[in-house]
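J.: work35.cif is reproduced below (mmCIF, C-alpha atoms).
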data_final
#
loop_
_atom_site.label_atom_id
_atom_site.label_comp_id
_atom_site.auth_asym_id
_atom_site.auth_seq_id
_atom_site.Cartn_x
_atom_site.Cartn_y
_atom_site.Cartn_z
CA MET D 1 56.96 88.57 -25.80
CA PRO D 2 55.35 85.73 -23.82
CA GLN D 3 54.34 82.78 -25.99
CA ASN D 4 51.86 80.03 -25.48
CA GLN D 5 52.25 76.53 -24.21
CA ILE D 6 49.16 74.58 -25.20
CA PRO D 7 47.20 73.62 -22.05
CA ALA D 8 46.86 69.93 -21.27
CA ALA D 9 43.06 70.03 -21.01
CA MET D 10 40.10 72.13 -22.07
CA ASP D 11 38.51 74.28 -19.37
CA ARG D 12 34.97 73.16 -18.65
CA HIS D 13 33.01 76.36 -19.18
CA LEU D 14 32.98 77.32 -22.86
CA ASP D 15 32.14 81.02 -23.01
CA VAL D 16 33.23 82.58 -26.31
CA LEU D 17 33.05 81.44 -29.92
CA HIS D 18 33.98 83.38 -33.09
CA CYS D 19 34.53 82.25 -36.66
CA HIS D 20 37.62 83.36 -38.55
CA ALA D 21 37.36 84.78 -42.08
CA ASP D 22 39.14 81.66 -43.39
CA GLY D 23 36.75 79.26 -41.65
CA GLY D 24 38.72 78.65 -38.45
CA LEU D 25 37.24 78.92 -34.98
CA LEU D 26 38.32 80.97 -31.95
CA LEU D 27 37.26 79.51 -28.60
CA GLY D 28 37.47 81.04 -25.14
CA ALA D 29 36.98 78.86 -22.06
CA SER D 30 37.07 79.26 -18.28
CA CYS D 31 37.45 77.07 -15.23
CA LEU D 32 35.06 78.55 -12.69
CA THR D 33 35.51 75.97 -9.94
CA GLY D 34 38.10 75.59 -7.22
CA ARG D 35 40.16 78.24 -5.43
CA PHE D 36 41.47 79.88 -8.60
CA TRP D 37 39.52 80.82 -11.71
CA LEU D 38 41.61 80.30 -14.83
CA GLY D 39 40.91 80.57 -18.53
CA SER D 40 42.27 79.53 -21.90
CA LEU D 41 42.20 80.68 -25.51
CA TRP D 42 42.11 78.26 -28.45
CA TYR D 43 42.26 78.42 -32.22
CA TYR D 44 41.15 75.63 -34.57
CA GLN D 45 42.13 75.94 -38.22
CA THR D 46 39.49 73.28 -38.91
CA ALA D 47 36.37 74.27 -36.99
CA GLU D 48 35.05 70.70 -36.86
CA ASN D 49 37.98 69.72 -34.58
CA ALA D 50 36.79 71.91 -31.71
CA PRO D 51 36.83 71.42 -28.75
CA ASP D 52 39.32 68.52 -29.05
CA VAL D 53 42.56 69.66 -27.39
CA ASP D 54 44.69 67.20 -29.35
CA ARG D 55 43.51 68.67 -32.67
CA CYS D 56 43.79 72.38 -31.87
CA THR D 57 46.04 74.58 -33.99
CA ALA D 58 47.04 76.87 -31.11
CA GLY D 59 46.17 77.29 -27.45
CA VAL D 60 47.28 79.33 -24.47
CA GLN D 61 46.56 79.29 -20.73
CA LEU D 62 45.34 82.63 -19.35
CA GLU D 63 45.79 84.09 -15.88
CA ALA D 64 42.05 84.46 -15.34
CA GLY D 65 38.63 83.50 -16.65
CA VAL D 66 37.55 84.75 -20.07
CA GLY D 67 34.83 87.42 -19.93
CA ASP D 68 34.76 88.04 -23.67
CA ALA D 69 37.00 87.86 -26.76
CA LYS D 70 36.83 89.40 -30.22
CA TRP D 71 38.83 89.29 -33.44
CA ILE D 72 40.58 92.61 -34.13
CA ASP D 73 41.79 91.45 -37.54
CA ASN D 74 42.83 88.14 -39.11
CA THR D 75 45.67 87.52 -36.63
CA HIS D 76 44.99 89.62 -33.51
CA VAL D 77 42.53 88.75 -30.73
CA LEU D 78 41.30 91.06 -27.96
CA VAL D 79 40.45 89.30 -24.67
CA GLY D 80 38.60 90.64 -21.61
CA LEU D 81 39.36 88.89 -18.31
CA ASP D 82 37.51 88.50 -15.03
CA THR D 83 40.42 90.26 -13.27
CA GLY D 84 39.37 93.51 -14.96
CA GLY D 85 42.17 93.40 -17.50
CA ILE D 86 42.32 93.20 -21.28
CA ALA D 87 44.98 91.65 -23.51
CA VAL D 88 45.83 91.56 -27.20
CA TRP D 89 47.13 88.20 -28.45
CA ASN D 90 48.70 87.67 -31.85
CA LEU D 91 48.51 84.41 -33.80
CA GLU D 92 51.92 83.75 -35.39
CA ASP D 93 53.76 80.87 -37.10
CA ASP D 94 50.89 80.21 -39.51
CA PHE D 95 48.30 80.39 -36.67
CA ARG D 96 50.18 77.89 -34.51
CA THR D 97 51.39 80.15 -31.72
CA PHE D 98 49.65 82.71 -29.49
CA VAL D 99 52.01 85.59 -28.63
CA LEU D 100 51.00 88.31 -26.14
CA SER D 101 51.28 91.75 -27.78
CA HIS D 102 49.87 94.09 -25.12
CA ALA D 103 48.00 93.84 -21.82
CA ALA D 104 46.57 96.27 -19.28
CA VAL D 105 44.35 96.34 -16.19
CA GLY D 106 41.70 99.04 -16.12
CA HIS D 107 38.51 97.76 -14.52
CA ASP D 108 37.92 97.04 -10.83
CA GLY D 109 35.63 94.14 -11.64
CA VAL D 110 34.93 91.39 -14.15
CA VAL D 111 35.05 92.47 -17.80
CA THR D 112 31.62 91.47 -19.07
CA SER D 113 31.85 92.53 -22.70
CA ILE D 114 34.26 94.01 -25.25
CA SER D 115 33.73 95.38 -28.74
CA VAL D 116 36.10 96.59 -31.47
CA THR D 117 35.32 99.77 -33.41
CA CYS D 118 34.72 99.60 -37.16
CA ASP D 119 38.13 101.16 -37.94
CA LYS D 120 39.87 98.44 -35.86
CA THR D 121 41.96 101.00 -33.93
CA LYS D 122 39.96 101.23 -30.70
CA ALA D 123 37.86 99.01 -28.44
CA ALA D 124 35.21 99.47 -25.76
CA SER D 125 34.83 97.40 -22.60
CA SER D 126 32.15 97.08 -19.91
CA SER D 127 32.42 95.65 -16.42
CA HIS D 128 30.92 94.81 -13.06
CA ASP D 129 32.49 98.03 -11.78
CA ARG D 130 29.73 99.97 -13.66
CA CYS D 131 32.34 101.64 -15.90
CA ILE D 132 32.74 101.78 -19.66
CA LYS D 133 36.29 102.25 -20.96
CA LEU D 134 37.75 102.93 -24.39
CA TRP D 135 41.17 101.59 -25.35
CA ASP D 136 43.79 102.33 -27.99
CA LEU D 137 44.49 98.90 -29.50
CA SER D 138 47.99 99.80 -30.67
CA ASN D 139 49.23 99.81 -27.06
CA THR D 140 46.16 98.98 -24.87
CA VAL D 141 46.26 102.47 -23.33
CA GLN D 142 42.99 103.57 -21.77
CA PHE D 143 41.94 107.00 -23.08
CA TYR D 144 38.29 107.33 -22.01
CA THR D 145 36.34 106.27 -18.91
CA THR D 146 32.75 106.91 -17.93
CA GLN D 147 30.34 105.70 -15.26
CA ALA D 148 26.92 106.64 -16.56
CA HIS D 149 25.31 103.39 -15.43
CA SER D 150 24.46 102.83 -11.77
CA ASP D 151 24.88 99.04 -11.78
CA ILE D 152 26.71 96.23 -13.59
CA VAL D 153 27.15 96.94 -17.30
CA TYR D 154 26.25 93.68 -19.01
CA SER D 155 26.96 94.37 -22.66
CA ILE D 156 28.51 96.87 -25.04
CA ASP D 157 28.59 96.96 -28.84
CA CYS D 158 30.32 99.38 -31.21
CA HIS D 159 28.44 100.69 -34.24
CA PRO D 160 29.22 98.79 -37.49
CA ASN D 161 29.84 102.01 -39.47
CA GLU D 162 30.60 104.87 -37.02
CA SER D 163 33.69 104.60 -34.81
CA ASP D 164 32.35 107.16 -32.27
CA LEU D 165 29.03 105.38 -31.68
CA PHE D 166 28.32 102.48 -29.35
CA VAL D 167 25.49 101.13 -27.20
CA SER D 168 25.45 99.67 -23.70
CA CYS D 169 22.95 98.02 -21.34
CA SER D 170 23.03 97.51 -17.60
CA GLN D 171 21.50 95.88 -14.55
CA ASP D 172 20.11 99.36 -13.80
CA GLY D 173 17.54 98.67 -16.53
CA ARG D 174 18.77 101.31 -18.96
CA ILE D 175 20.01 101.13 -22.55
CA LEU D 176 22.37 103.98 -23.41
CA VAL D 177 23.32 105.08 -26.92
CA TRP D 178 26.71 106.82 -26.98
CA ASP D 179 28.04 109.42 -29.42
CA ARG D 180 31.44 110.75 -28.36
CA ARG D 181 31.19 113.66 -30.80
CA LYS D 182 28.53 115.26 -28.58
CA VAL D 183 29.06 117.35 -25.45
CA LYS D 184 26.73 114.98 -23.59
CA PRO D 185 27.61 111.67 -25.28
CA ALA D 186 25.06 109.38 -23.60
CA SER D 187 21.33 109.33 -24.30
CA ILE D 188 18.76 106.97 -22.81
CA LEU D 189 17.02 104.80 -25.40
CA ASN D 190 13.31 104.13 -25.00
CA LYS D 191 13.37 100.36 -24.45
CA SER D 192 9.62 99.76 -24.86
CA PRO D 193 8.32 97.08 -25.46
CA LEU D 194 11.16 95.48 -23.45
CA GLN D 195 9.64 94.68 -20.07
CA TYR D 196 12.60 93.58 -17.94
CA THR D 197 16.31 94.26 -17.48
CA PRO D 198 18.31 94.21 -20.74
CA THR D 199 21.21 91.76 -20.71
CA CYS D 200 22.75 91.99 -24.20
CA VAL D 201 22.73 94.39 -27.16
CA LYS D 202 23.81 94.07 -30.79
CA TRP D 203 23.68 96.56 -33.68
CA LYS D 204 21.99 95.37 -36.89
CA PRO D 205 24.76 95.25 -39.55
CA ASP D 206 22.65 96.53 -42.47
CA ASN D 207 20.76 99.30 -40.65
CA PRO D 208 22.55 102.19 -38.86
CA TYR D 209 19.56 102.90 -36.60
CA LYS D 210 18.41 99.46 -35.42
CA LEU D 211 19.70 97.14 -32.73
CA ALA D 212 18.62 93.92 -31.02
CA VAL D 213 18.19 93.64 -27.26
CA GLY D 214 17.80 90.53 -25.11
CA SER D 215 16.44 90.58 -21.57
CA GLU D 216 16.59 88.62 -18.31
CA SER D 217 13.08 87.26 -19.00
CA GLY D 218 14.02 85.71 -22.37
CA GLN D 219 12.47 88.49 -24.44
CA VAL D 220 14.14 89.72 -27.66
CA VAL D 221 13.21 93.00 -29.34
CA ILE D 222 14.48 95.06 -32.27
CA LEU D 223 14.67 98.75 -31.36
CA ASP D 224 15.07 101.82 -33.56
CA THR D 225 17.30 104.51 -32.06
CA ARG D 226 15.42 107.29 -33.83
CA ALA D 227 12.85 109.17 -31.74
CA GLY D 228 9.18 108.56 -32.43
CA VAL D 229 9.59 105.20 -34.21
CA ASP D 230 7.14 102.45 -33.21
CA ASN D 231 9.06 99.35 -32.03
CA SER D 232 6.14 97.33 -30.66
CA TYR D 233 5.79 94.93 -33.59
CA LEU D 234 9.41 93.63 -33.46
CA ASN D 235 8.98 91.83 -30.16
CA ILE D 236 9.19 88.13 -29.28
CA THR D 237 9.90 85.94 -26.23
CA PRO D 238 11.65 82.79 -27.53
CA HIS D 239 13.41 81.99 -24.23
CA LYS D 240 12.28 81.30 -20.67
CA ARG D 241 15.41 82.61 -18.99
CA LEU D 242 18.11 85.26 -19.38
CA VAL D 243 19.42 85.87 -22.92
CA ASN D 244 23.23 85.62 -22.89
CA ASN D 245 24.14 86.53 -26.45
CA LEU D 246 22.74 87.81 -29.75
CA GLN D 247 24.32 87.58 -33.20
CA PHE D 248 23.02 88.79 -36.55
CA CYS D 249 24.10 86.74 -39.56
CA PRO D 250 26.76 88.78 -41.42
CA ASN D 251 25.77 87.32 -44.81
CA LYS D 252 22.04 87.66 -44.16
CA PRO D 253 21.32 90.31 -41.48
CA SER D 254 17.61 89.49 -41.40
CA LEU D 255 18.56 86.37 -39.38
CA LEU D 256 19.14 86.81 -35.64
CA ALA D 257 20.50 84.05 -33.38
CA SER D 258 19.99 84.13 -29.61
CA VAL D 259 21.28 81.85 -26.83
CA SER D 260 20.10 81.67 -23.25
CA GLU D 261 20.35 80.19 -19.79
CA ASP D 262 17.38 77.98 -20.65
CA CYS D 263 19.82 75.86 -22.74
CA LYS D 264 18.06 76.91 -25.94
CA VAL D 265 19.44 78.15 -29.26
CA VAL D 266 16.96 80.14 -31.35
CA VAL D 267 17.13 81.72 -34.80
CA CYS D 268 14.55 84.36 -35.75
CA THR D 269 13.89 86.03 -39.06
CA THR D 270 13.16 89.77 -39.15
CA GLU D 271 12.09 90.00 -42.78
CA ASN D 272 9.07 92.10 -43.82
CA GLU D 273 9.15 94.10 -40.56
CA THR D 274 8.10 91.07 -38.51
CA ILE D 275 9.99 88.73 -36.20
CA LYS D 276 9.34 85.01 -35.91
CA VAL D 277 11.20 81.85 -34.89
CA ILE D 278 12.45 79.63 -37.72
CA TYR D 279 14.76 77.36 -35.69
CA SER D 280 14.92 76.29 -32.05
CA ASN D 281 17.12 73.67 -30.40
CA THR D 282 17.49 72.48 -26.80
CA THR D 283 20.37 69.99 -27.06
CA HIS D 284 22.79 71.82 -24.75
CA ARG D 285 22.65 70.68 -21.11
CA ASP D 286 23.83 73.88 -19.45
CA PHE D 287 23.85 77.65 -20.00
CA VAL D 288 24.55 78.48 -23.66
CA ARG D 289 27.09 81.31 -23.80
CA GLY D 290 28.67 81.67 -27.23
CA VAL D 291 27.23 81.82 -30.75
CA THR D 292 28.79 82.59 -34.12
CA TRP D 293 27.62 82.30 -37.73
CA SER D 294 29.55 80.15 -40.20
CA THR D 295 27.29 80.65 -43.24
CA GLU D 296 23.78 82.02 -43.67
CA SER D 297 22.40 78.55 -42.93
CA GLN D 298 24.87 77.30 -40.30
CA LEU D 299 26.05 78.51 -36.90
CA TYR D 300 28.09 77.24 -33.96
CA THR D 301 27.20 77.46 -30.26
CA CYS D 302 29.13 76.64 -27.09
CA ALA D 303 27.93 76.18 -23.52
CA TRP D 304 28.94 75.41 -19.96
CA ASP D 305 28.30 71.73 -20.71
CA SER D 306 31.71 71.74 -22.48
CA LYS D 307 30.06 71.07 -25.85
CA ILE D 308 30.12 72.83 -29.22
CA LEU D 309 27.21 72.31 -31.59
CA LEU D 310 26.91 72.97 -35.32
CA HIS D 311 23.34 73.99 -36.19
CA ASP D 312 22.02 73.69 -39.74
CA ILE D 313 18.99 75.94 -40.21
CA THR D 314 18.03 74.43 -43.56
CA LYS D 315 18.24 70.78 -42.46
CA GLN D 316 16.93 71.59 -38.97
CA THR D 317 19.71 69.52 -37.39
CA ALA D 318 22.22 70.00 -34.58
CA THR D 319 25.61 68.25 -34.66
CA PHE D 320 27.91 67.60 -31.70
CA MET D 321 31.37 68.51 -32.88
CA GLY D 322 33.49 65.34 -32.93
CA GLU D 323 30.91 63.24 -31.09
CA SER D 324 27.99 60.95 -31.90
CA SER D 325 24.67 61.74 -30.28
CA SER D 326 21.00 62.45 -30.90
CA CYS D 327 18.55 65.07 -29.76
CA LYS D 328 15.04 66.39 -29.90
CA LEU D 329 14.63 69.48 -32.03
CA GLU D 330 12.07 72.10 -31.15
CA VAL D 331 10.68 74.06 -34.08
CA ASN D 332 8.27 76.93 -33.39
CA GLY D 333 7.47 75.51 -29.99
CA ASP D 334 6.80 71.92 -31.12
CA ILE D 335 9.04 69.03 -30.06
CA ALA D 336 9.81 66.57 -32.84
CA ASP D 337 12.21 63.66 -33.36
CA HIS D 338 15.29 64.66 -35.35
CA GLN D 339 18.57 63.03 -36.12
CA VAL D 340 21.83 64.47 -34.91
CA GLU D 341 25.02 63.86 -36.84
CA ASN D 342 28.47 63.30 -35.36
CA GLY D 343 31.58 65.15 -36.48
CA SER D 344 32.28 62.68 -39.30
CA GLY D 345 28.86 63.17 -40.85
CA ASP D 346 27.31 59.89 -39.65
CA VAL D 347 23.72 60.08 -38.53
CA GLY D 348 22.69 58.97 -35.08
CA THR D 349 19.39 57.37 -34.13
CA ASP D 350 16.50 59.19 -32.52
CA VAL D 351 16.11 59.09 -28.76
CA ASP D 352 12.92 58.81 -26.75
CA LYS D 353 11.75 61.41 -24.28
CA SER D 354 13.07 59.51 -21.24
CA LYS D 355 16.60 59.68 -22.64
CA LEU D 356 16.16 63.35 -23.43
CA ASP D 357 15.08 63.95 -19.83
CA GLN D 358 18.23 62.21 -18.63
CA CYS D 359 20.29 64.50 -20.85
CA LYS D 360 18.64 67.50 -19.22
CA LEU D 361 19.13 66.22 -15.66
CA SER D 362 22.16 68.34 -14.78
CA TYR D 363 20.47 71.55 -15.88
CA SER D 364 17.12 70.81 -14.24
CA GLN D 365 18.92 70.17 -10.94
CA ALA D 366 20.93 73.37 -11.28
CA VAL D 367 17.90 75.64 -11.71
CA LYS D 368 15.62 74.23 -9.01
CA SER D 369 13.64 76.93 -7.29
CA GLN D 370 14.31 77.80 -3.65
CA PRO D 371 11.03 76.24 -2.42
CA GLU D 372 11.94 72.96 -4.14
CA MET D 373 15.37 72.94 -2.54
CA SER D 374 13.96 73.76 0.86
CA ALA D 375 11.41 70.97 0.55
CA GLU D 376 14.23 68.49 0.02
CA GLY D 377 15.91 69.73 3.14
#
Just give me the structure as structure tokens.
T.:
Amino acid sequence: MPQNQIPAAMDRHLDVLHCHADGGLLLGASCLTGRFWLGSLWYYQTAENAPDVDRCTAGVQLEAGVGDAKWIDNTHVLVGLDTGGIAVWNLEDDFRTFVLSHAAVGHDGVVTSISVTCDKTKAASSSHDRCIKLWDLSNTVQFYTTQAHSDIVYSIDCHPNESDLFVSCSQDGRILVWDRRKVKPASILNKSPLQYTPTCVKWKPDNPYKLAVGSESGQVVILDTRAGVDNSYLNITPHKRLVNNLQFCPNKPSLLASVSEDCKVVVCTTENETIKVIYSNTTHRDFVRGVTWSTESQLYTCAWDSKILLHDITKQTATFMGESSSCKLEVNGDIADHQVENGSGDVGTDVDKSKLDQCKLSYSQAVKSQPEMSAEG
């Protein structure tokens, strides 16, 4: 089987982040510039070492950009690529070597999302080709294909308790709940009060009927899949741009983290049938793509600014992994001075607003509106 040779450098665009059961960190990155789009997969036994290449436990160069990646079990990783293929990589030699177990090409477009079923034997994938495919993970053989959506399928998530259930959302504006035990497996979910196109979906771990949905407008809602249930009160708009990812806290499912193209990381609480923001941070300088919970009070995020941040909900701090910096922390919409620690635990000094604006320069230039760009000629 092909084995890894650790890449010489980290790809710029950090897309995927997942904690290991033993505290390690899985990182997926892509290089989306130049003639060829490449990707890489990394594992850090000590999460605080990420994204330092010299301190990684294992790494491997991939043939294409990383669309998504998920743990199958403690040693196997499922990866979706922008070539339309999927691959299963195994961590061997005490997590020091990536070995390719199986690979297959099934989609005719970028793989946007993958999800592993609760029994760990199958996986679902979605793509730009509007298709949803199911795979046998023992040999990456495709055994089910459907094209119920009429546009790009952005996100797919398998049910936490039922291996035949999953949910998908698409650029066509629809959210579909799937049950493969039925003659007609797909049913359209009433997405009200969601106002715009859904971009990501995630089942709530402690409730078999509820799921979270993020939209292109920055809205986040909690929907109940049962007919006739009022969803209007679990509705919030913590972001100003498209929501890229949602993650419930495994140890405390009432906490929901969301990341967005507005460079913001937000944590909401859904206790007592309400939803409200308890943490908000805008330290990242580019689109935030990956988020994963470490404990019920800490989570990691990664972004296209090549940075990984450790967020502490209790202390209301954000820490650059392995670096020394400072940031402004936004809590419930208010900007306040807060200290940011470096990877060794030292505390940096506060920065003024002019320095914060400089930190945001690359993002603000990237998202200029068309009239602004035209005015500059």
J.: State, in Å with one decimal place, the distance from CA of Val266 in chain D to CA of Ser170 in chain D.
T.: 23.0 Å
J.: To one decimal place in Å, what is the distance between CA of Thr117 in chain D and CA of Tyr44 in chain D?
T.: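 Going from CA of Thr117 in chain D over to CA of Tyr44 in chain D, I get 24.9 Å.
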J.: Mind telling me what the PyMOL selection byres ((chain D and resi 310-316) around 9) catches here, as a PDB file with C-alpha atoms, keeping the file's coordinate frame?
T.:
ATOM      1  CA  GLU D  48      35.050  70.700 -36.860  1.00  0.00           C
ATOM      2  CA  VAL D 265      19.440  78.150 -29.260  1.00  0.00           C
ATOM      3  CA  VAL D 267      17.130  81.720 -34.800  1.00  0.00           C
ATOM      4  CA  ILE D 278      12.450  79.630 -37.720  1.00  0.00           C
ATOM      5  CA  TYR D 279      14.760  77.360 -35.690  1.00  0.00           C
ATOM      6  CA  SER D 280      14.920  76.290 -32.050  1.00  0.00           C
ATOM      7  CA  ASN D 281      17.120  73.670 -30.400  1.00  0.00           C
ATOM      8  CA  GLU D 296      23.780  82.020 -43.670  1.00  0.00           C
ATOM      9  CA  SER D 297      22.400  78.550 -42.930  1.00  0.00           C
ATOM     10  CA  GLN D 298      24.870  77.300 -40.300  1.00  0.00           C
ATOM     11  CA  LEU D 299      26.050  78.510 -36.900  1.00  0.00           C
ATOM     12  CA  TYR D 300      28.090  77.240 -33.960  1.00  0.00           C
ATOM     13  CA  THR D 301      27.200  77.460 -30.260  1.00  0.00           C
ATOM     14  CA  ILE D 308      30.120  72.830 -29.220  1.00  0.00           C
ATOM     15  CA  LEU D 309      27.210  72.310 -31.590  1.00  0.00           C
ATOM     16  CA  THR D 317      19.710  69.520 -37.390  1.00  0.00           C
ATOM     17  CA  ALA D 318      22.220  70.000 -34.580  1.00  0.00           C
ATOM     18  CA  THR D 319      25.610  68.250 -34.660  1.00  0.00           C
ATOM     19  CA  PHE D 320      27.910  67.600 -31.700  1.00  0.00           C
ATOM     20  CA  MET D 321      31.370  68.510 -32.880  1.00  0.00           C
ATOM     21  CA  LEU D 329      14.630  69.480 -32.030  1.00  0.00           C
ATOM     22  CA  VAL D 331      10.680  74.060 -34.080  1.00  0.00           C
ATOM     23  CA  HIS D 338      15.290  64.660 -35.350  1.00  0.00           C
TER      24      HIS D 338
END
J.: Expand the PyMOL selection byres ((chain D and resi 221) around 9) into the explicit residue set it covers here, and present it as a VMD selection string.
T.: chain D and resid 191 to 194 211 to 215 219 to 220 222 to 223 231 to 237 275
J.: To one decimal in Å, tell me the separation between CA of Ser150 in chain D and CA of Arg130 in chain D.
T.: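 Those two atoms sit 6.3 Å apart.
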J.: Mind telling me what the PyMOL selection byres ((chain D and resi 82) around 10) catches here, as a list in words?
T.: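 Going through the file, the PyMOL selection byres ((chain D and resi 82) around 10) ends up selecting Ser30, Trp37, Leu38, Gly39, Glu63, Ala64, Gly65, Val66, Gly67, Asp68, Gly80, Leu81, Thr83, Gly84, Gly85, Ile86, His107, Asp108, Gly109, Val110, Val111, Thr112, Ser127 and His128 of chain D.
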J.: From (24.2, 95.2, -35.7), in the file's coordinates, out to 9 Å: which residues are reached, counting all atoms listed in the file? Answer as a list in words.
T.: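 Result, sorted by chain then residue number: Asp157, Cys158, His159, Pro160, Val201, Lys202, Trp203, Lys204, Pro205, Asp206, Asn207, Pro208, Lys210, Leu211, Ala212, Gln247, Phe248, Pro250 and Pro253 of chain D.
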J.: I need the residue nearest Leu246 in chain D from this list: D:Thr33, D:Ser126, D:Gln147, D:Ser260. Use all atoms listed in the file for the distance.
T.: D:Ser260
J.: Counting only C-alpha atoms, which residues have an atom no more than 12 Å from (35.0, 87.3, -40.4) in the file's coordinates? Please list them as number ranges by chain.
T.: D: 18-26, 70-75, 249-251, 292-295
J.: Export, as a tab-separated table (two decimals), keeping the file's coordinate frame, the selected residues with C-alpha atoms.
T.:
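New file out16.tsv:
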chain	number	residue	atom	x	y	z
D	18	HIS	CA	33.98	83.38	-33.09
D	19	CYS	CA	34.53	82.25	-36.66
D	20	HIS	CA	37.62	83.36	-38.55
D	21	ALA	CA	37.36	84.78	-42.08
D	22	ASP	CA	39.14	81.66	-43.39
D	23	GLY	CA	36.75	79.26	-41.65
D	24	GLY	CA	38.72	78.65	-38.45
D	25	LEU	CA	37.24	78.92	-34.98
D	26	LEU	CA	38.32	80.97	-31.95
D	70	LYS	CA	36.83	89.40	-30.22
D	71	TRP	CA	38.83	89.29	-33.44
D	72	ILE	CA	40.58	92.61	-34.13
D	73	ASP	CA	41.79	91.45	-37.54
D	74	ASN	CA	42.83	88.14	-39.11
D	75	THR	CA	45.67	87.52	-36.63
D	249	CYS	CA	24.10	86.74	-39.56
D	250	PRO	CA	26.76	88.78	-41.42
D	251	ASN	CA	25.77	87.32	-44.81
D	292	THR	CA	28.79	82.59	-34.12
D	293	TRP	CA	27.62	82.30	-37.73
D	294	SER	CA	29.55	80.15	-40.20
D	295	THR	CA	27.29	80.65	-43.24
J.: Each side padded by 5 Å, which centre and which edge lengths in Å (one decimal) define the axis-aligned box around the listed atoms of range 122-131 of chain D? Give them as JSON.
T.:
{"center_x": 34.8, "center_y": 98.2, "center_z": -21.2, "size_x": 20.2, "size_y": 16.8, "size_z": 28.9}
J.: Measuring atom to atom with all atoms listed in the file, identify which of D:Asp179, D:Asp119, D:Asp129, D:Asp262 is nearest to Gly218 in chain D.
T.: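 Nearest candidate to Gly218 in chain D out of D:Asp179, D:Asp119, D:Asp129, D:Asp262: D:Asp262.
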J.: Could you pull the residues within 8 Å of Leu189 in chain D, counting all atoms listed in the file, minus those fewer than 4 positions along the same chain, as an mmCIF file with C-alpha atoms, in the frame of the given file?
T.:
data_model
loop_
_atom_site.group_PDB
_atom_site.id
_atom_site.type_symbol
_atom_site.label_atom_id
_atom_site.label_comp_id
_atom_site.auth_asym_id
_atom_site.auth_seq_id
_atom_site.Cartn_x
_atom_site.Cartn_y
_atom_site.Cartn_z
ATOM 1 C CA ARG D 174 18.770 101.310 -18.960
ATOM 2 C CA ILE D 175 20.010 101.130 -22.550
ATOM 3 C CA LEU D 176 22.370 103.980 -23.410
ATOM 4 C CA VAL D 177 23.320 105.080 -26.920
ATOM 5 C CA THR D 225 17.300 104.510 -32.060
#
J.: At a cut-off of 8 Å, using all atoms listed in the file, what residues contact Trp304 in chain D? Leave out same-chain residues fewer than 3 positions from it and give the result as a ChimeraX atom specification.
T.: /D:12-15,285-289,307
J.: Okay, now the selection with C-alpha atoms, as an mmCIF file, in the frame of the given file?
T.:
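Writing the result to out.cif gives the following:
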data_model
loop_
_atom_site.group_PDB
_atom_site.id
_atom_site.type_symbol
_atom_site.label_atom_id
_atom_site.label_comp_id
_atom_site.auth_asym_id
_atom_site.auth_seq_id
_atom_site.Cartn_x
_atom_site.Cartn_y
_atom_site.Cartn_z
ATOM 1 C CA ARG D 12 34.970 73.160 -18.650
ATOM 2 C CA HIS D 13 33.010 76.360 -19.180
ATOM 3 C CA LEU D 14 32.980 77.320 -22.860
ATOM 4 C CA ASP D 15 32.140 81.020 -23.010
ATOM 5 C CA ARG D 285 22.650 70.680 -21.110
ATOM 6 C CA ASP D 286 23.830 73.880 -19.450
ATOM 7 C CA PHE D 287 23.850 77.650 -20.000
ATOM 8 C CA VAL D 288 24.550 78.480 -23.660
ATOM 9 C CA ARG D 289 27.090 81.310 -23.800
ATOM 10 C CA LYS D 307 30.060 71.070 -25.850
#
